[in-house]
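Visitor: Here's a structure for you.
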Amino acid sequence: MAFTITIGPAELSIGDVYAVLFDKLGVGAAEVSAIRKGIVWELRLPRTLLAAICGAGLAVCGAIMQSLLRNPLADPFVLGISSGASTGAVIVAVLGVGGGLVSLSTGALVGALVSFSLVLLLAAGAGGGAAKVVLAGVAGTQLFSALTSFIVLSSADAERTRGILFWLLGSLAGASWTDVTVTALVCAAGFVLCWWRHSALDAFTFGSSAAATLGIGVGRTRLLLLVVTALMTAVLVSAAGAIGFVGLVLPHAARFLVGPRHSRLLPVCAVLGAVLLVWVDALARTVFAPQEVPVGVVTALIGVPAFALLLFRTRSTE
């Protein structure tokens, strides 16, 4: 993280980064200019921290959903959570719902919960089960993606449309310390709760019947963990937009490294997700500088070949 902060048009060293950090923490005085101090503390450090938090949170959410739904293709997008959060955020930003009293994060949270509730209702109406939840999620994703596109194209001017579409593809450009604080608190609480239920997640790997045999309340546990992942995803989307493939690919890579036990899998997913997105963000803002590439575009370009490789490795071991 310290090294990626030095990457950019302004020349910085790792020593400058640590000097500014220690200075802000009250440990010594930073012998760097005020401009460099501002670049590190106000621009690059919160952006890098937010990238790490988003990567860790999305990877953990993907691992939990894949276990609960017993579907290797499950991730925060498959249940319509990300698209619902995007719709809620766009309603606040473009239509001005709330008259300025409702924040972007609140709009994203409401949108995610509405989308998630609709998916659960559709799945229940179709007879329930993990497979029906996935199918309902696909329908929910398409519905809220269409609503988002309609709102943006019909209600925003050309410049605002471009900015919103860039954000919807995943952008960490506007990262602030408020975003870092909120996402860190929510994701830390969600991670602790999910890790506390790691034995239940292990049981879900073998199916709902096996979990029920072990005395686990299948419906209650599944609903609790899905709601937690929905909340985490909503907060992350409100801060950084919709970033795909992190929650899909990273859990598979983590299982390849440490196996399926969630007591080890979830921490490794968090670390891999953080590392990946920190470096993806560094690439997105420097490779085509001064033009910045949306983070979601880079994760897709990396994620598709990586996922194809994982599929071939899985086939070769069967």
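Please note that chains go A, B, ... in the order of the structure tokens, that every chain numbers its residues from 1, and that ligands are numbered from 1 in the order shown.
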Fewer than 6 positions away in the same chain doesn't count, so skip those; otherwise give me all residues within 12 Å of A:Ser103, counting only C-alpha atoms, as a list in words.
Guide: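 Skipping anything fewer than 6 positions along the chain leaves Gly88, Ala89, Val90, Ile91, Val92, Ala93, Gly96, Val97, Leu109, Val110, Asp179, Val235, Ser238 and Ala239 of chain A.
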Visitor: Could the residues in this selection be written to a file with all heavy atoms, as a PDB file, in the first residue's frame?
Guide:
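Saved as result18.pdb:
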```pdb
ATOM      1  N   GLY A  88     -30.477   2.984  -6.144  1.00  0.00           N
ATOM      2  CA  GLY A  88     -30.771   3.865  -5.020  1.00  0.00           C
ATOM      3  C   GLY A  88     -29.878   5.084  -4.986  1.00  0.00           C
ATOM      4  O   GLY A  88     -30.342   6.208  -4.736  1.00  0.00           O
ATOM      5  N   ALA A  89     -28.587   4.881  -5.249  1.00  0.00           N
ATOM      6  CA  ALA A  89     -27.651   6.009  -5.251  1.00  0.00           C
ATOM      7  C   ALA A  89     -27.960   6.981  -6.380  1.00  0.00           C
ATOM      8  O   ALA A  89     -27.891   8.209  -6.209  1.00  0.00           O
ATOM      9  CB  ALA A  89     -26.220   5.490  -5.367  1.00  0.00           C
ATOM     10  N   VAL A  90     -28.310   6.455  -7.545  1.00  0.00           N
ATOM     11  CA  VAL A  90     -28.618   7.311  -8.694  1.00  0.00           C
ATOM     12  C   VAL A  90     -29.908   8.099  -8.456  1.00  0.00           C
ATOM     13  O   VAL A  90     -30.011   9.268  -8.843  1.00  0.00           O
ATOM     14  CB  VAL A  90     -28.718   6.444  -9.973  1.00  0.00           C
ATOM     15  CG1 VAL A  90     -29.379   7.220 -11.095  1.00  0.00           C
ATOM     16  CG2 VAL A  90     -27.329   5.998 -10.411  1.00  0.00           C
ATOM     17  N   ILE A  91     -30.896   7.500  -7.810  1.00  0.00           N
ATOM     18  CA  ILE A  91     -32.143   8.218  -7.504  1.00  0.00           C
ATOM     19  C   ILE A  91     -31.855   9.431  -6.631  1.00  0.00           C
ATOM     20  O   ILE A  91     -32.414  10.511  -6.834  1.00  0.00           O
ATOM     21  CB  ILE A  91     -33.143   7.263  -6.816  1.00  0.00           C
ATOM     22  CG1 ILE A  91     -33.695   6.266  -7.838  1.00  0.00           C
ATOM     23  CG2 ILE A  91     -34.282   8.040  -6.165  1.00  0.00           C
ATOM     24  CD1 ILE A  91     -34.587   5.205  -7.238  1.00  0.00           C
ATOM     25  N   VAL A  92     -30.956   9.259  -5.653  1.00  0.00           N
ATOM     26  CA  VAL A  92     -30.604  10.384  -4.784  1.00  0.00           C
ATOM     27  C   VAL A  92     -29.793  11.427  -5.545  1.00  0.00           C
ATOM     28  O   VAL A  92     -30.051  12.636  -5.445  1.00  0.00           O
ATOM     29  CB  VAL A  92     -29.812   9.879  -3.555  1.00  0.00           C
ATOM     30  CG1 VAL A  92     -29.282  11.061  -2.738  1.00  0.00           C
ATOM     31  CG2 VAL A  92     -30.692   8.998  -2.683  1.00  0.00           C
ATOM     32  N   ALA A  93     -28.813  10.973  -6.325  1.00  0.00           N
ATOM     33  CA  ALA A  93     -27.898  11.903  -6.996  1.00  0.00           C
ATOM     34  C   ALA A  93     -28.551  12.645  -8.162  1.00  0.00           C
ATOM     35  O   ALA A  93     -28.318  13.844  -8.356  1.00  0.00           O
ATOM     36  CB  ALA A  93     -26.661  11.151  -7.489  1.00  0.00           C
ATOM     37  N   GLY A  96     -32.619  13.824  -6.974  1.00  0.00           N
ATOM     38  CA  GLY A  96     -32.635  14.692  -5.802  1.00  0.00           C
ATOM     39  C   GLY A  96     -33.627  14.267  -4.735  1.00  0.00           C
ATOM     40  O   GLY A  96     -34.117  15.114  -3.969  1.00  0.00           O
ATOM     41  N   VAL A  97     -33.950  12.980  -4.666  1.00  0.00           N
ATOM     42  CA  VAL A  97     -34.885  12.486  -3.659  1.00  0.00           C
ATOM     43  C   VAL A  97     -34.308  12.732  -2.262  1.00  0.00           C
ATOM     44  O   VAL A  97     -33.143  12.443  -2.001  1.00  0.00           O
ATOM     45  CB  VAL A  97     -35.158  10.986  -3.857  1.00  0.00           C
ATOM     46  CG1 VAL A  97     -35.981  10.426  -2.705  1.00  0.00           C
ATOM     47  CG2 VAL A  97     -35.871  10.761  -5.180  1.00  0.00           C
ATOM     48  N   LEU A 109     -28.113   2.055   0.292  1.00  0.00           N
ATOM     49  CA  LEU A 109     -28.542   1.046   1.257  1.00  0.00           C
ATOM     50  C   LEU A 109     -30.012   0.690   1.053  1.00  0.00           C
ATOM     51  O   LEU A 109     -30.383  -0.490   1.029  1.00  0.00           O
ATOM     52  CB  LEU A 109     -28.316   1.564   2.678  1.00  0.00           C
ATOM     53  CG  LEU A 109     -28.759   0.641   3.820  1.00  0.00           C
ATOM     54  CD1 LEU A 109     -28.055  -0.684   3.736  1.00  0.00           C
ATOM     55  CD2 LEU A 109     -28.509   1.311   5.162  1.00  0.00           C
ATOM     56  N   VAL A 110     -30.853   1.715   0.877  1.00  0.00           N
ATOM     57  CA  VAL A 110     -32.275   1.462   0.649  1.00  0.00           C
ATOM     58  C   VAL A 110     -32.481   0.684  -0.648  1.00  0.00           C
ATOM     59  O   VAL A 110     -33.261  -0.281  -0.705  1.00  0.00           O
ATOM     60  CB  VAL A 110     -33.053   2.785   0.620  1.00  0.00           C
ATOM     61  CG1 VAL A 110     -34.505   2.549   0.190  1.00  0.00           C
ATOM     62  CG2 VAL A 110     -33.023   3.451   1.993  1.00  0.00           C
ATOM     63  N   ASP A 179     -15.698   8.179   3.742  1.00  0.00           N
ATOM     64  CA  ASP A 179     -15.932   6.897   3.065  1.00  0.00           C
ATOM     65  C   ASP A 179     -15.110   5.789   3.713  1.00  0.00           C
ATOM     66  O   ASP A 179     -15.608   4.676   3.924  1.00  0.00           O
ATOM     67  CB  ASP A 179     -15.570   7.008   1.578  1.00  0.00           C
ATOM     68  CG  ASP A 179     -16.484   7.949   0.821  1.00  0.00           C
ATOM     69  OD1 ASP A 179     -17.662   8.059   1.197  1.00  0.00           O
ATOM     70  OD2 ASP A 179     -16.009   8.580  -0.146  1.00  0.00           O
ATOM     71  N   VAL A 235     -22.975  -0.517   1.160  1.00  0.00           N
ATOM     72  CA  VAL A 235     -22.056   0.528   1.611  1.00  0.00           C
ATOM     73  C   VAL A 235     -20.868   0.646   0.660  1.00  0.00           C
ATOM     74  O   VAL A 235     -20.425   1.747   0.322  1.00  0.00           O
ATOM     75  CB  VAL A 235     -21.581   0.228   3.047  1.00  0.00           C
ATOM     76  CG1 VAL A 235     -20.483   1.202   3.463  1.00  0.00           C
ATOM     77  CG2 VAL A 235     -22.752   0.344   4.021  1.00  0.00           C
ATOM     78  N   SER A 238     -21.980   2.318  -2.606  1.00  0.00           N
ATOM     79  CA  SER A 238     -22.202   3.761  -2.426  1.00  0.00           C
ATOM     80  C   SER A 238     -20.890   4.530  -2.389  1.00  0.00           C
ATOM     81  O   SER A 238     -20.835   5.697  -2.780  1.00  0.00           O
ATOM     82  CB  SER A 238     -22.983   4.014  -1.145  1.00  0.00           C
ATOM     83  OG  SER A 238     -22.209   3.712  -0.001  1.00  0.00           O
ATOM     84  N   ALA A 239     -19.815   3.878  -1.941  1.00  0.00           N
ATOM     85  CA  ALA A 239     -18.524   4.552  -1.841  1.00  0.00           C
ATOM     86  C   ALA A 239     -17.697   4.461  -3.117  1.00  0.00           C
ATOM     87  O   ALA A 239     -16.964   5.388  -3.451  1.00  0.00           O
ATOM     88  CB  ALA A 239     -17.713   3.973  -0.676  1.00  0.00           C
TER      89      ALA A 239
END
```
Visitor: Give me, as a PyMOL selection string, all polymer residues having an atom no more than 8 Å from stretch 295-307 of chain A, counting only C-alpha atoms and skipping those fewer than 3 positions away in the same chain.
Guide: chain A and resi 169-172+242-246+249+277+280-281+284+310-311
Visitor: Show me, as JSON lines, the residues of stretch 44-96 of chain A having an atom within 9 Å of stretch 143-153 of chain A, each with the closest atom pair and its distance in Å, using only C-alpha atoms.
Guide:
```
{"residue": "A:Gly80", "atom": "CA", "partner": "A:Phe144", "partner_atom": "CA", "distance": 7.5}
{"residue": "A:Ser83", "atom": "CA", "partner": "A:Phe144", "partner_atom": "CA", "distance": 5.5}
{"residue": "A:Gly84", "atom": "CA", "partner": "A:Phe144", "partner_atom": "CA", "distance": 5.5}
{"residue": "A:Ala85", "atom": "CA", "partner": "A:Phe144", "partner_atom": "CA", "distance": 8.8}
{"residue": "A:Ser86", "atom": "CA", "partner": "A:Thr148", "partner_atom": "CA", "distance": 7.0}
{"residue": "A:Thr87", "atom": "CA", "partner": "A:Thr148", "partner_atom": "CA", "distance": 4.9}
{"residue": "A:Gly88", "atom": "CA", "partner": "A:Thr148", "partner_atom": "CA", "distance": 8.4}
{"residue": "A:Val90", "atom": "CA", "partner": "A:Thr148", "partner_atom": "CA", "distance": 6.7}
{"residue": "A:Ile91", "atom": "CA", "partner": "A:Ile151", "partner_atom": "CA", "distance": 7.4}
{"residue": "A:Val94", "atom": "CA", "partner": "A:Val152", "partner_atom": "CA", "distance": 7.0}
{"residue": "A:Leu95", "atom": "CA", "partner": "A:Ile151", "partner_atom": "CA", "distance": 8.0}
```
Visitor: If we count only C-alpha atoms and set the cut-off at 10 Å, which residues sit around stretch 203-210 of chain A, ignoring sequence neighbours fewer than 2 positions away in its own chain? Please answer as a PyMOL selection string.
Guide: chain A and resi 64+66-71+129-130+198-201+212-219+221-222+260-262
Visitor: Would you write out, as JSON lines, a table of all residues in stretch 24-97 of chain A that have an atom no more than 9 Å from an atom of stretch 3-19 of chain A, listing for each the closest atom pair and the distance in Å to one decimal, considering only C-alpha atoms and ordering rows by chain and rising residue number?
Guide:
```
{"residue": "A:Lys24", "atom": "CA", "partner": "A:Ala19", "partner_atom": "CA", "distance": 8.7}
{"residue": "A:Val27", "atom": "CA", "partner": "A:Ala19", "partner_atom": "CA", "distance": 8.9}
{"residue": "A:Gly28", "atom": "CA", "partner": "A:Ala19", "partner_atom": "CA", "distance": 8.0}
{"residue": "A:Ala29", "atom": "CA", "partner": "A:Ala19", "partner_atom": "CA", "distance": 7.3}
{"residue": "A:Ala30", "atom": "CA", "partner": "A:Ala19", "partner_atom": "CA", "distance": 4.9}
{"residue": "A:Glu31", "atom": "CA", "partner": "A:Ala19", "partner_atom": "CA", "distance": 7.2}
{"residue": "A:Val32", "atom": "CA", "partner": "A:Asp16", "partner_atom": "CA", "distance": 6.7}
{"residue": "A:Arg36", "atom": "CA", "partner": "A:Leu12", "partner_atom": "CA", "distance": 7.5}
{"residue": "A:Lys37", "atom": "CA", "partner": "A:Asp16", "partner_atom": "CA", "distance": 8.2}
{"residue": "A:Ile39", "atom": "CA", "partner": "A:Ala10", "partner_atom": "CA", "distance": 8.2}
{"residue": "A:Val40", "atom": "CA", "partner": "A:Val17", "partner_atom": "CA", "distance": 6.5}
{"residue": "A:Trp41", "atom": "CA", "partner": "A:Val17", "partner_atom": "CA", "distance": 8.6}
{"residue": "A:Arg44", "atom": "CA", "partner": "A:Ile5", "partner_atom": "CA", "distance": 5.7}
{"residue": "A:Leu45", "atom": "CA", "partner": "A:Ile5", "partner_atom": "CA", "distance": 6.6}
{"residue": "A:Arg47", "atom": "CA", "partner": "A:Ile5", "partner_atom": "CA", "distance": 8.9}
{"residue": "A:Thr48", "atom": "CA", "partner": "A:Ile5", "partner_atom": "CA", "distance": 7.0}
```
Visitor: Could you save those same residues with all heavy atoms as a tab-separated table (two decimals), in the first residue's frame?
Guide:
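Saved file part-v4.tsv follows:
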```tsv
chain	number	residue	atom	x	y	z
A	24	LYS	N	0.88	12.67	11.19
A	24	LYS	CA	-0.54	12.76	11.49
A	24	LYS	C	-0.91	11.98	12.75
A	24	LYS	O	-1.88	12.33	13.44
A	24	LYS	CB	-1.36	12.23	10.30
A	24	LYS	CG	-1.28	13.12	9.06
A	24	LYS	CD	-1.92	14.48	9.32
A	24	LYS	CE	-1.90	15.34	8.07
A	24	LYS	NZ	-2.56	16.66	8.29
A	27	VAL	N	3.59	11.13	15.89
A	27	VAL	CA	4.89	10.50	16.17
A	27	VAL	C	5.94	11.16	15.28
A	27	VAL	O	6.15	10.76	14.13
A	27	VAL	CB	4.85	8.98	15.91
A	27	VAL	CG1	6.19	8.35	16.29
A	27	VAL	CG2	3.72	8.34	16.69
A	28	GLY	N	6.59	12.19	15.77
A	28	GLY	CA	7.60	12.90	14.99
A	28	GLY	C	6.96	13.92	14.07
A	28	GLY	O	5.74	14.05	13.96
A	29	ALA	N	7.81	14.67	13.39
A	29	ALA	CA	7.37	15.71	12.46
A	29	ALA	C	7.82	15.36	11.05
A	29	ALA	O	8.95	14.93	10.83
A	29	ALA	CB	7.94	17.06	12.87
A	30	ALA	N	6.92	15.53	10.08
A	30	ALA	CA	7.24	15.17	8.70
A	30	ALA	C	8.05	16.29	8.05
A	30	ALA	O	7.63	17.45	8.02
A	30	ALA	CB	5.95	14.94	7.93
A	31	GLU	N	9.21	15.94	7.52
A	31	GLU	CA	10.05	16.90	6.83
A	31	GLU	C	9.76	16.86	5.33
A	31	GLU	O	10.64	16.63	4.50
A	31	GLU	CB	11.52	16.60	7.10
A	31	GLU	CG	11.90	16.76	8.57
A	31	GLU	CD	13.38	16.50	8.81
A	31	GLU	OE1	14.08	16.16	7.83
A	31	GLU	OE2	13.83	16.62	9.96
A	32	VAL	N	8.51	17.08	4.99
A	32	VAL	CA	8.07	17.12	3.59
A	32	VAL	C	7.24	18.39	3.41
A	32	VAL	O	6.72	18.96	4.37
A	32	VAL	CB	7.25	15.88	3.20
A	32	VAL	CG1	8.09	14.63	3.28
A	32	VAL	CG2	6.01	15.74	4.09
A	36	ARG	N	3.12	17.97	-0.72
A	36	ARG	CA	3.27	16.51	-0.66
A	36	ARG	C	2.47	15.91	0.48
A	36	ARG	O	1.89	14.83	0.36
A	36	ARG	CB	4.74	16.14	-0.53
A	36	ARG	CG	5.56	16.43	-1.78
A	36	ARG	CD	6.94	15.87	-1.67
A	36	ARG	NE	7.71	16.07	-2.89
A	36	ARG	CZ	8.91	15.56	-3.11
A	36	ARG	NH1	9.51	14.86	-2.15
A	36	ARG	NH2	9.53	15.77	-4.25
A	37	LYS	N	2.44	16.63	1.59
A	37	LYS	CA	1.66	16.14	2.74
A	37	LYS	C	0.19	16.05	2.36
A	37	LYS	O	-0.50	15.09	2.71
A	37	LYS	CB	1.86	17.08	3.93
A	37	LYS	CG	1.28	16.55	5.24
A	37	LYS	CD	1.51	17.54	6.37
A	37	LYS	CE	2.99	17.70	6.67
A	37	LYS	NZ	3.21	18.56	7.86
A	39	ILE	N	-1.04	15.70	-0.71
A	39	ILE	CA	-1.22	14.64	-1.70
A	39	ILE	C	-1.34	13.29	-1.01
A	39	ILE	O	-2.19	12.46	-1.34
A	39	ILE	CB	-0.05	14.64	-2.70
A	39	ILE	CG1	-0.12	15.88	-3.59
A	39	ILE	CG2	-0.07	13.38	-3.57
A	39	ILE	CD1	1.08	16.06	-4.48
A	40	VAL	N	-0.47	13.04	-0.04
A	40	VAL	CA	-0.49	11.75	0.66
A	40	VAL	C	-1.74	11.61	1.51
A	40	VAL	O	-2.48	10.63	1.41
A	40	VAL	CB	0.78	11.58	1.53
A	40	VAL	CG1	0.66	10.34	2.40
A	40	VAL	CG2	2.01	11.49	0.65
A	41	TRP	N	-1.99	12.61	2.37
A	41	TRP	CA	-3.03	12.45	3.39
A	41	TRP	C	-4.45	12.68	2.86
A	41	TRP	O	-5.38	11.99	3.29
A	41	TRP	CB	-2.75	13.41	4.54
A	41	TRP	CG	-3.67	13.18	5.71
A	41	TRP	CD1	-4.74	13.95	6.09
A	41	TRP	CD2	-3.61	12.10	6.64
A	41	TRP	NE1	-5.34	13.41	7.20
A	41	TRP	CE2	-4.67	12.27	7.56
A	41	TRP	CE3	-2.76	11.00	6.79
A	41	TRP	CZ2	-4.90	11.38	8.62
A	41	TRP	CZ3	-2.99	10.11	7.83
A	41	TRP	CH2	-4.05	10.31	8.73
A	44	ARG	N	-4.15	10.37	-1.85
A	44	ARG	CA	-3.77	8.99	-2.17
A	44	ARG	C	-4.00	8.00	-1.03
A	44	ARG	O	-4.40	6.86	-1.27
A	44	ARG	CB	-2.30	8.96	-2.59
A	44	ARG	CG	-2.05	9.70	-3.89
A	44	ARG	CD	-0.64	9.49	-4.38
A	44	ARG	NE	-0.34	10.34	-5.54
A	44	ARG	CZ	0.85	10.43	-6.11
A	44	ARG	NH1	1.86	9.71	-5.61
A	44	ARG	NH2	1.04	11.22	-7.14
A	45	LEU	N	-3.77	8.42	0.22
A	45	LEU	CA	-3.94	7.47	1.32
A	45	LEU	C	-5.39	7.04	1.51
A	45	LEU	O	-5.67	5.84	1.59
A	45	LEU	CB	-3.38	8.06	2.61
A	45	LEU	CG	-3.44	7.13	3.84
A	45	LEU	CD1	-2.73	5.81	3.57
A	45	LEU	CD2	-2.84	7.83	5.06
A	47	ARG	N	-7.72	7.02	-0.70
A	47	ARG	CA	-8.09	6.24	-1.89
A	47	ARG	C	-7.54	4.82	-1.80
A	47	ARG	O	-8.25	3.85	-2.11
A	47	ARG	CB	-7.57	6.94	-3.14
A	47	ARG	CG	-7.85	6.20	-4.42
A	47	ARG	CD	-7.54	7.02	-5.64
A	47	ARG	NE	-7.82	6.27	-6.85
A	47	ARG	CZ	-8.09	6.83	-8.03
A	47	ARG	NH1	-8.12	8.14	-8.13
A	47	ARG	NH2	-8.33	6.08	-9.08
A	48	THR	N	-6.29	4.68	-1.38
A	48	THR	CA	-5.69	3.36	-1.26
A	48	THR	C	-6.35	2.53	-0.17
A	48	THR	O	-6.61	1.33	-0.34
A	48	THR	CB	-4.18	3.50	-0.98
A	48	THR	OG1	-3.58	4.27	-2.02
A	48	THR	CG2	-3.51	2.15	-0.91
```
Visitor: Please report, as JSON lines, each residue of stretch 51-139 of chain A lying at most 8 Å from stretch 264-270 of chain A, together with the nearest pair of atoms and the separation in Å rounded to one decimal; use only C-alpha atoms, and order rows by chain and ascending residue number.
Guide:
```
{"residue": "A:Gly55", "atom": "CA", "partner": "A:Ala270", "partner_atom": "CA", "distance": 7.1}
{"residue": "A:Ala56", "atom": "CA", "partner": "A:Ala270", "partner_atom": "CA", "distance": 3.9}
{"residue": "A:Gly57", "atom": "CA", "partner": "A:Ala270", "partner_atom": "CA", "distance": 6.6}
{"residue": "A:Ala59", "atom": "CA", "partner": "A:Cys269", "partner_atom": "CA", "distance": 5.5}
{"residue": "A:Val60", "atom": "CA", "partner": "A:Cys269", "partner_atom": "CA", "distance": 5.8}
{"residue": "A:Ala63", "atom": "CA", "partner": "A:Leu266", "partner_atom": "CA", "distance": 7.2}
```
Visitor: Hey, can you check how far atom CA of A:Leu236 sits from atom CA of A:Val182?
Guide: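 Interatomic distance here is 9.3 Å.
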Visitor: State, in Å with one decimal place, the distance from atom CA of A:Thr183 to atom CA of A:Leu118.
Guide: 24.7 Å
Visitor: Measuring between only C-alpha atoms, which one of A:Leu224, A:Leu250, A:Val119, A:Val237 shows the shortest distance to A:Ser105?
Guide: A:Val237
Visitor: Would you work out the distance separating atom CA of A:Leu73 from atom CA of A:Leu283, expressed in Å to one decimal?
Guide: 26.1 Å
